[in-house]
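Quick look at input30.tsv (TSV, N, CA and C atoms):
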```tsv
chain	number	residue	atom	x	y	z
P	1	MET	N	-5.96	8.02	17.24
P	1	MET	CA	-6.53	8.50	16.00
P	1	MET	C	-5.74	7.90	14.84
P	2	SER	N	-6.46	7.49	13.82
P	2	SER	CA	-5.77	6.90	12.67
P	2	SER	C	-5.71	7.91	11.54
P	3	GLY	N	-4.84	7.67	10.63
P	3	GLY	CA	-4.70	8.53	9.48
P	3	GLY	C	-3.83	7.86	8.45
P	4	TYR	N	-3.57	8.55	7.39
P	4	TYR	CA	-2.72	8.03	6.34
P	4	TYR	C	-1.64	9.03	6.00
P	5	ILE	N	-0.52	8.50	5.58
P	5	ILE	CA	0.58	9.31	5.09
P	5	ILE	C	0.67	9.00	3.61
P	6	LEU	N	0.53	10.01	2.78
P	6	LEU	CA	0.65	9.83	1.33
P	6	LEU	C	2.12	9.79	0.97
P	7	LEU	N	2.50	8.75	0.26
P	7	LEU	CA	3.90	8.56	-0.12
P	7	LEU	C	4.06	8.87	-1.61
P	8	ASP	N	3.95	10.13	-1.95
P	8	ASP	CA	3.98	10.56	-3.34
P	8	ASP	C	5.22	10.11	-4.10
P	9	GLU	N	6.38	10.17	-3.45
P	9	GLU	CA	7.61	9.83	-4.17
P	9	GLU	C	7.60	8.38	-4.63
P	10	TYR	N	6.88	7.52	-3.93
P	10	TYR	CA	6.81	6.13	-4.34
P	10	TYR	C	5.56	5.82	-5.17
P	11	SER	N	4.59	6.72	-5.21
P	11	SER	CA	3.41	6.51	-6.04
P	11	SER	C	3.80	6.42	-7.51
P	12	LYS	N	4.75	7.25	-7.94
P	12	LYS	CA	5.20	7.22	-9.33
P	12	LYS	C	5.90	5.88	-9.62
P	13	GLU	N	6.74	5.45	-8.70
P	13	GLU	CA	7.43	4.17	-8.88
P	13	GLU	C	6.43	3.02	-8.91
P	14	LEU	N	5.41	3.08	-8.05
P	14	LEU	CA	4.39	2.05	-8.04
P	14	LEU	C	3.63	2.02	-9.37
P	15	SER	N	3.27	3.19	-9.89
P	15	SER	CA	2.58	3.25	-11.18
P	15	SER	C	3.42	2.63	-12.29
P	16	GLU	N	4.71	2.92	-12.28
P	16	GLU	CA	5.60	2.35	-13.29
P	16	GLU	C	5.68	0.83	-13.16
P	17	CYS	N	5.73	0.35	-11.93
P	17	CYS	CA	5.77	-1.09	-11.67
P	17	CYS	C	4.48	-1.75	-12.17
P	18	LEU	N	3.34	-1.14	-11.90
P	18	LEU	CA	2.06	-1.69	-12.34
P	18	LEU	C	1.97	-1.72	-13.86
P	19	ASN	N	2.47	-0.69	-14.49
P	19	ASN	CA	2.37	-0.59	-15.94
P	19	ASN	C	3.31	-1.54	-16.66
P	20	GLN	N	4.39	-1.97	-16.03
P	20	GLN	CA	5.30	-2.92	-16.66
P	20	GLN	C	4.59	-4.21	-17.00
P	21	ASP	N	3.75	-4.69	-16.09
P	21	ASP	CA	3.03	-5.94	-16.32
P	21	ASP	C	1.88	-5.77	-17.28
P	22	MET	N	1.46	-4.56	-17.51
P	22	MET	CA	0.32	-4.30	-18.38
P	22	MET	C	0.76	-3.61	-19.67
P	23	ALA	N	1.97	-3.89	-20.10
P	23	ALA	CA	2.55	-3.20	-21.26
P	23	ALA	C	1.70	-3.37	-22.52
P	24	ASN	N	1.01	-4.47	-22.63
P	24	ASN	CA	0.19	-4.72	-23.82
P	24	ASN	C	-1.09	-3.90	-23.83
P	25	GLU	N	-1.47	-3.36	-22.69
P	25	GLU	CA	-2.66	-2.53	-22.62
P	25	GLU	C	-2.23	-1.06	-22.65
P	26	SER	N	-1.92	-0.57	-23.81
P	26	SER	CA	-1.38	0.79	-23.92
P	26	SER	C	-2.43	1.87	-23.71
P	27	ALA	N	-3.70	1.52	-23.77
P	27	ALA	CA	-4.75	2.53	-23.67
P	27	ALA	C	-4.85	3.12	-22.25
P	28	ASN	N	-4.76	2.27	-21.25
P	28	ASN	CA	-4.93	2.75	-19.88
P	28	ASN	C	-3.66	2.57	-19.07
P	29	LYS	N	-3.15	3.65	-18.59
P	29	LYS	CA	-2.01	3.62	-17.68
P	29	LYS	C	-2.54	3.76	-16.27
P	30	ALA	N	-2.01	2.96	-15.38
P	30	ALA	CA	-2.46	3.04	-13.99
P	30	ALA	C	-1.97	4.32	-13.35
P	31	LYS	N	-2.85	4.98	-12.66
P	31	LYS	CA	-2.48	6.14	-11.86
P	31	LYS	C	-2.63	5.69	-10.42
P	32	ALA	N	-1.51	5.47	-9.76
P	32	ALA	CA	-1.53	4.90	-8.42
P	32	ALA	C	-1.10	5.92	-7.39
P	33	LYS	N	-1.74	5.84	-6.24
P	33	LYS	CA	-1.32	6.61	-5.07
P	33	LYS	C	-1.09	5.59	-3.96
P	34	LEU	N	-0.01	5.77	-3.26
P	34	LEU	CA	0.36	4.85	-2.20
P	34	LEU	C	0.25	5.56	-0.85
P	35	TYR	N	-0.44	4.93	0.09
P	35	TYR	CA	-0.60	5.48	1.43
P	35	TYR	C	-0.18	4.41	2.43
P	36	ILE	N	0.27	4.84	3.57
P	36	ILE	CA	0.53	3.91	4.66
P	36	ILE	C	-0.25	4.39	5.87
P	37	SER	N	-0.83	3.44	6.59
P	37	SER	CA	-1.63	3.80	7.75
P	37	SER	C	-0.73	4.22	8.91
P	38	THR	N	-1.29	5.02	9.78
P	38	THR	CA	-0.63	5.29	11.04
P	38	THR	C	-1.42	4.57	12.13
P	39	TYR	N	-0.91	4.53	13.29
P	39	TYR	CA	-1.48	3.73	14.38
P	39	TYR	C	-2.89	4.16	14.77
P	40	SER	N	-3.72	3.17	15.04
P	40	SER	CA	-5.03	3.40	15.63
P	40	SER	C	-5.33	2.24	16.57
P	41	GLN	N	-5.82	2.53	17.75
P	41	GLN	CA	-6.17	1.46	18.68
P	41	GLN	C	-7.33	0.62	18.16
P	42	ASN	N	-8.17	1.19	17.33
P	42	ASN	CA	-9.33	0.48	16.80
P	42	ASN	C	-9.02	-0.29	15.52
P	43	GLN	N	-7.89	-0.05	14.96
P	43	GLN	CA	-7.53	-0.65	13.68
P	43	GLN	C	-7.01	-2.07	13.91
P	44	ALA	N	-7.56	-3.04	13.20
P	44	ALA	CA	-7.19	-4.43	13.42
P	44	ALA	C	-5.75	-4.72	13.04
P	45	LYS	N	-5.32	-4.22	11.90
P	45	LYS	CA	-3.97	-4.52	11.42
P	45	LYS	C	-3.34	-3.29	10.79
P	46	PRO	N	-2.02	-3.15	10.95
P	46	PRO	CA	-1.33	-2.10	10.19
P	46	PRO	C	-1.47	-2.44	8.71
P	47	HIS	N	-1.66	-1.43	7.90
P	47	HIS	CA	-1.86	-1.70	6.47
P	47	HIS	C	-1.38	-0.55	5.62
P	48	PHE	N	-1.26	-0.86	4.34
P	48	PHE	CA	-1.02	0.20	3.38
P	48	PHE	C	-2.18	0.19	2.41
P	49	LYS	N	-2.44	1.34	1.83
P	49	LYS	CA	-3.58	1.51	0.93
P	49	LYS	C	-3.03	1.94	-0.42
P	50	ILE	N	-3.58	1.35	-1.45
P	50	ILE	CA	-3.23	1.75	-2.80
P	50	ILE	C	-4.51	2.19	-3.50
P	51	GLU	N	-4.47	3.36	-4.08
P	51	GLU	CA	-5.57	3.84	-4.92
P	51	GLU	C	-5.11	3.73	-6.36
P	52	ILE	N	-5.89	3.02	-7.14
P	52	ILE	CA	-5.60	2.89	-8.57
P	52	ILE	C	-6.84	3.33	-9.33
P	53	ASN	N	-6.66	4.35	-10.14
P	53	ASN	CA	-7.75	4.86	-10.97
P	53	ASN	C	-9.04	5.03	-10.15
P	54	ASN	N	-8.91	5.68	-9.00
P	54	ASN	CA	-10.01	6.04	-8.10
P	54	ASN	C	-10.62	4.88	-7.32
P	55	ASP	N	-10.06	3.67	-7.40
P	55	ASP	CA	-10.48	2.56	-6.55
P	55	ASP	C	-9.44	2.38	-5.46
P	56	SER	N	-9.90	2.12	-4.24
P	56	SER	CA	-9.01	2.03	-3.09
P	56	SER	C	-9.00	0.61	-2.53
P	57	TYR	N	-7.80	0.11	-2.23
P	57	TYR	CA	-7.63	-1.24	-1.71
P	57	TYR	C	-6.61	-1.23	-0.57
P	58	HIS	N	-6.85	-2.08	0.42
P	58	HIS	CA	-6.00	-2.16	1.61
P	58	HIS	C	-5.25	-3.48	1.62
P	59	PHE	N	-3.99	-3.41	2.05
P	59	PHE	CA	-3.13	-4.59	2.10
P	59	PHE	C	-2.46	-4.64	3.46
P	60	ASP	N	-2.38	-5.85	4.02
P	60	ASP	CA	-1.74	-6.07	5.31
P	60	ASP	C	-0.27	-5.67	5.20
P	61	LEU	N	0.18	-4.84	6.10
P	61	LEU	CA	1.56	-4.34	6.05
P	61	LEU	C	2.58	-5.42	6.39
P	62	VAL	N	2.19	-6.39	7.19
P	62	VAL	CA	3.11	-7.44	7.61
P	62	VAL	C	3.25	-8.53	6.55
P	63	THR	N	2.14	-8.89	5.90
P	63	THR	CA	2.16	-10.02	4.94
P	63	THR	C	2.03	-9.59	3.49
P	64	GLY	N	1.48	-8.42	3.24
P	64	GLY	CA	1.23	-7.98	1.88
P	64	GLY	C	-0.08	-8.50	1.32
P	65	ALA	N	-0.81	-9.29	2.09
P	65	ALA	CA	-2.07	-9.88	1.62
P	65	ALA	C	-3.15	-8.82	1.47
P	66	ALA	N	-4.00	-9.00	0.46
P	66	ALA	CA	-5.12	-8.08	0.26
P	66	ALA	C	-6.10	-8.21	1.42
P	67	MET	N	-6.58	-7.09	1.92
P	67	MET	CA	-7.55	-7.09	3.01
P	67	MET	C	-8.96	-6.89	2.46
P	68	ASP	N	-9.06	-6.48	1.21
P	68	ASP	CA	-10.35	-6.26	0.55
P	68	ASP	C	-10.47	-7.26	-0.59
P	69	GLU	N	-11.70	-7.58	-0.94
P	69	GLU	CA	-11.89	-8.40	-2.13
P	69	GLU	C	-11.51	-7.53	-3.33
P	70	MET	N	-10.62	-8.06	-4.15
P	70	MET	CA	-10.11	-7.25	-5.25
P	70	MET	C	-11.03	-7.34	-6.46
P	71	SER	N	-11.40	-6.19	-6.97
P	71	SER	CA	-12.19	-6.14	-8.19
P	71	SER	C	-11.30	-6.48	-9.37
P	72	GLU	N	-11.90	-6.68	-10.50
P	72	GLU	CA	-11.14	-6.98	-11.72
P	72	GLU	C	-10.17	-5.85	-12.04
P	73	ASN	N	-10.55	-4.62	-11.70
P	73	ASN	CA	-9.72	-3.45	-11.97
P	73	ASN	C	-8.36	-3.55	-11.29
P	74	ILE	N	-8.32	-4.07	-10.08
P	74	ILE	CA	-7.04	-4.15	-9.38
P	74	ILE	C	-6.43	-5.54	-9.43
P	75	ALA	N	-7.25	-6.57	-9.59
P	75	ALA	CA	-6.73	-7.93	-9.63
P	75	ALA	C	-5.68	-8.10	-10.73
P	76	LYS	N	-5.85	-7.39	-11.83
P	76	LYS	CA	-4.88	-7.49	-12.92
P	76	LYS	C	-3.51	-6.93	-12.53
P	77	TYR	N	-3.45	-6.17	-11.45
P	77	TYR	CA	-2.19	-5.62	-10.96
P	77	TYR	C	-1.62	-6.39	-9.78
P	78	GLY	N	-2.26	-7.50	-9.40
P	78	GLY	CA	-1.88	-8.24	-8.20
P	78	GLY	C	-0.41	-8.62	-8.14
P	79	LYS	N	0.13	-9.15	-9.22
P	79	LYS	CA	1.54	-9.56	-9.23
P	79	LYS	C	2.46	-8.35	-9.07
P	80	SER	N	2.12	-7.27	-9.71
P	80	SER	CA	2.95	-6.07	-9.60
P	80	SER	C	2.89	-5.47	-8.20
P	81	ILE	N	1.73	-5.51	-7.58
P	81	ILE	CA	1.60	-4.99	-6.22
P	81	ILE	C	2.45	-5.83	-5.28
P	82	GLN	N	2.41	-7.15	-5.43
P	82	GLN	CA	3.21	-8.02	-4.57
P	82	GLN	C	4.70	-7.81	-4.81
P	83	LYS	N	5.09	-7.62	-6.05
P	83	LYS	CA	6.50	-7.36	-6.37
P	83	LYS	C	6.95	-6.05	-5.72
P	84	PHE	N	6.12	-5.02	-5.84
P	84	PHE	CA	6.42	-3.73	-5.24
P	84	PHE	C	6.50	-3.88	-3.72
P	85	TYR	N	5.53	-4.57	-3.14
P	85	TYR	CA	5.50	-4.76	-1.69
P	85	TYR	C	6.77	-5.47	-1.20
P	86	LYS	N	7.16	-6.53	-1.88
P	86	LYS	CA	8.34	-7.28	-1.46
P	86	LYS	C	9.60	-6.43	-1.51
P	87	SER	N	9.69	-5.58	-2.51
P	87	SER	CA	10.88	-4.74	-2.63
P	87	SER	C	10.88	-3.57	-1.64
P	88	LYS	N	9.71	-3.18	-1.15
P	88	LYS	CA	9.58	-2.01	-0.27
P	88	LYS	C	9.10	-2.34	1.14
P	89	LYS	N	8.95	-3.63	1.47
P	89	LYS	CA	8.38	-4.00	2.76
P	89	LYS	C	9.12	-3.36	3.93
P	90	SER	N	10.41	-3.48	3.96
P	90	SER	CA	11.19	-2.94	5.06
P	90	SER	C	10.97	-1.43	5.17
P	91	TRP	N	10.99	-0.75	4.06
P	91	TRP	CA	10.80	0.70	4.04
P	91	TRP	C	9.40	1.07	4.52
P	92	LEU	N	8.37	0.34	4.06
P	92	LEU	CA	7.00	0.62	4.48
P	92	LEU	C	6.85	0.43	6.00
P	93	CYS	N	7.45	-0.64	6.52
P	93	CYS	CA	7.39	-0.89	7.97
P	93	CYS	C	8.13	0.19	8.75
P	94	ASP	N	9.26	0.65	8.23
P	94	ASP	CA	9.99	1.73	8.89
P	94	ASP	C	9.15	3.00	8.94
P	95	ILE	N	8.46	3.33	7.85
P	95	ILE	CA	7.60	4.53	7.82
P	95	ILE	C	6.51	4.39	8.89
P	96	TYR	N	5.91	3.21	8.94
P	96	TYR	CA	4.85	2.96	9.92
P	96	TYR	C	5.40	3.16	11.34
P	97	ASN	N	6.50	2.49	11.64
P	97	ASN	CA	7.07	2.57	12.99
P	97	ASN	C	7.52	3.98	13.35
P	98	ASP	N	8.09	4.70	12.41
P	98	ASP	CA	8.56	6.06	12.66
P	98	ASP	C	7.43	7.03	12.92
P	99	ASN	N	6.21	6.68	12.51
P	99	ASN	CA	5.09	7.59	12.66
P	99	ASN	C	4.09	7.17	13.73
P	100	LEU	N	4.46	6.19	14.54
P	100	LEU	CA	3.61	5.82	15.67
P	100	LEU	C	3.60	6.96	16.68
P	101	PRO	N	2.45	7.24	17.26
P	101	PRO	CA	2.43	8.27	18.29
P	101	PRO	C	3.21	7.82	19.53
P	102	ALA	N	3.69	8.74	20.29
P	102	ALA	CA	4.48	8.45	21.47
P	102	ALA	C	3.75	7.55	22.46
P	103	LYS	N	2.42	7.67	22.52
P	103	LYS	CA	1.64	6.87	23.47
P	103	LYS	C	1.34	5.46	22.98
P	104	ALA	N	1.72	5.13	21.77
P	104	ALA	CA	1.46	3.78	21.23
P	104	ALA	C	2.28	2.75	22.00
P	105	PRO	N	1.67	1.60	22.31
P	105	PRO	CA	2.43	0.58	23.03
P	105	PRO	C	3.54	-0.02	22.14
P	106	ILE	N	4.55	-0.55	22.77
P	106	ILE	CA	5.67	-1.17	22.06
P	106	ILE	C	5.17	-2.27	21.12
P	107	SER	N	4.11	-2.98	21.55
P	107	SER	CA	3.56	-4.07	20.75
P	107	SER	C	2.98	-3.58	19.42
P	108	ALA	N	2.77	-2.28	19.26
P	108	ALA	CA	2.24	-1.74	18.01
P	108	ALA	C	3.29	-1.72	16.90
P	109	ARG	N	4.56	-1.78	17.30
P	109	ARG	CA	5.65	-1.74	16.30
P	109	ARG	C	5.66	-3.03	15.49
P	110	ILE	N	6.06	-2.91	14.23
P	110	ILE	CA	6.19	-4.11	13.39
P	110	ILE	C	7.60	-4.21	12.84
```
Exercise: express the given structure as structure tokens:
Amino acid sequence: MSGYILLDEYSKELSECLNQDMANESANKAKAKLYISTYSQNQAKPHFKIEINNDSYHFDLVTGAAMDEMSENIAKYGKSIQKFYKSKKSWLCDIYNDNLPAKAPISARI
């Protein structure tokens, strides 16, 4: 069974990171929620999900690459998302690995 773990403590940090690159756009501040997937046998790749202003996007947990076509709403945050991902990759992978079910094969670890 698959699911998501909401990482609230890092959602605030992610929002701040996104807003740094958009400092000139003072009207709209990004409201971001960060999720990480848990293991699923049917799931093609481990991923993390970011919701920004009610739009949801998936990113490969191993590479950080977008798994969805990015709309203009999120494309403007692309550099910030990659910066955040690079700084938190190890932590995100640890969360994923720590939350694998006991029956998950060793090959599921990243």
Item to check | Who sits within 8 Å of range 14-21 of chain P, all atoms listed in the file, same chain under 5 positions skipped, as a ChimeraX atom specification | outcome: /P:9,28-34,76-81,83-84
Item to check | Point-to-point distance in Å for CA of Leu100 in chain P and CA of Leu7 in chain P | outcome: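 Going from CA of Leu7 in chain P over to CA of Leu100 in chain P, I get 16.0 Å.
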Next on the checklist: Can you pull out every residue from chain P that DSSP, working from the backbone, puts in strand (DSSP E), and format the result as a PyMOL selection string?
Outcome noted: chain P and resi 4-6+32-37+47-52+55-60
Next on the checklist: Taking only C-alpha atoms into account, name the residue in P:Asn53, P:Lys45, P:Gln82, P:Ala66 that is nearest to Ile110 in chain P.
Outcome noted: P:Lys45
Next on the checklist: When you look at Asp68 in chain P with a cut-off of 6.5 Å (counting all atoms listed in the file), what residues show up, excluding the ones that are within fewer than 4 positions of it in the same chain? I need them as a list of chain:residue names.
Outcome noted: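 Residues meeting the cut-off are P:Tyr57, P:His58, P:Phe59.
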Item to check | Sel. of helix (DSSP H, G or I) residues, chain P, as JSON, numbers by chain | outcome: {"P": [8, 9, 10, 11, 12, 13, 14, 15, 16, 17, 18, 19, 20, 21, 72, 73, 74, 75, 78, 79, 80, 81, 82, 83, 84, 85, 86, 87, 88, 89, 90, 91, 92, 93, 94, 95, 96, 97, 98, 106, 107, 108]}
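Minimum distance to Pro46 in chain P across P:Asp8, P:Asp60, P:Asp94, P:Glu69 (counting only C-alpha atoms) occurs at P:Asp60.
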Next on the checklist: Please compute the atom N of Thr63 in chain P-atom N of Ser87 in chain P distance, one decimal, in Å.
Outcome noted: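 Atom N of Thr63 in chain P sits 11.8 Å away from atom N of Ser87 in chain P.
Going from CA of Ser11 in chain P over to atom N of Lys86 in chain P, you cover 14.2 Å.
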Next on the checklist: Using all atoms listed in the file for the distances, tell me which of P:Tyr96, P:Tyr35, P:Tyr10, P:Tyr85 is nearest to Arg109 in chain P.
Outcome noted: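 Result for the nearest residue to Arg109 in chain P: P:Tyr96.
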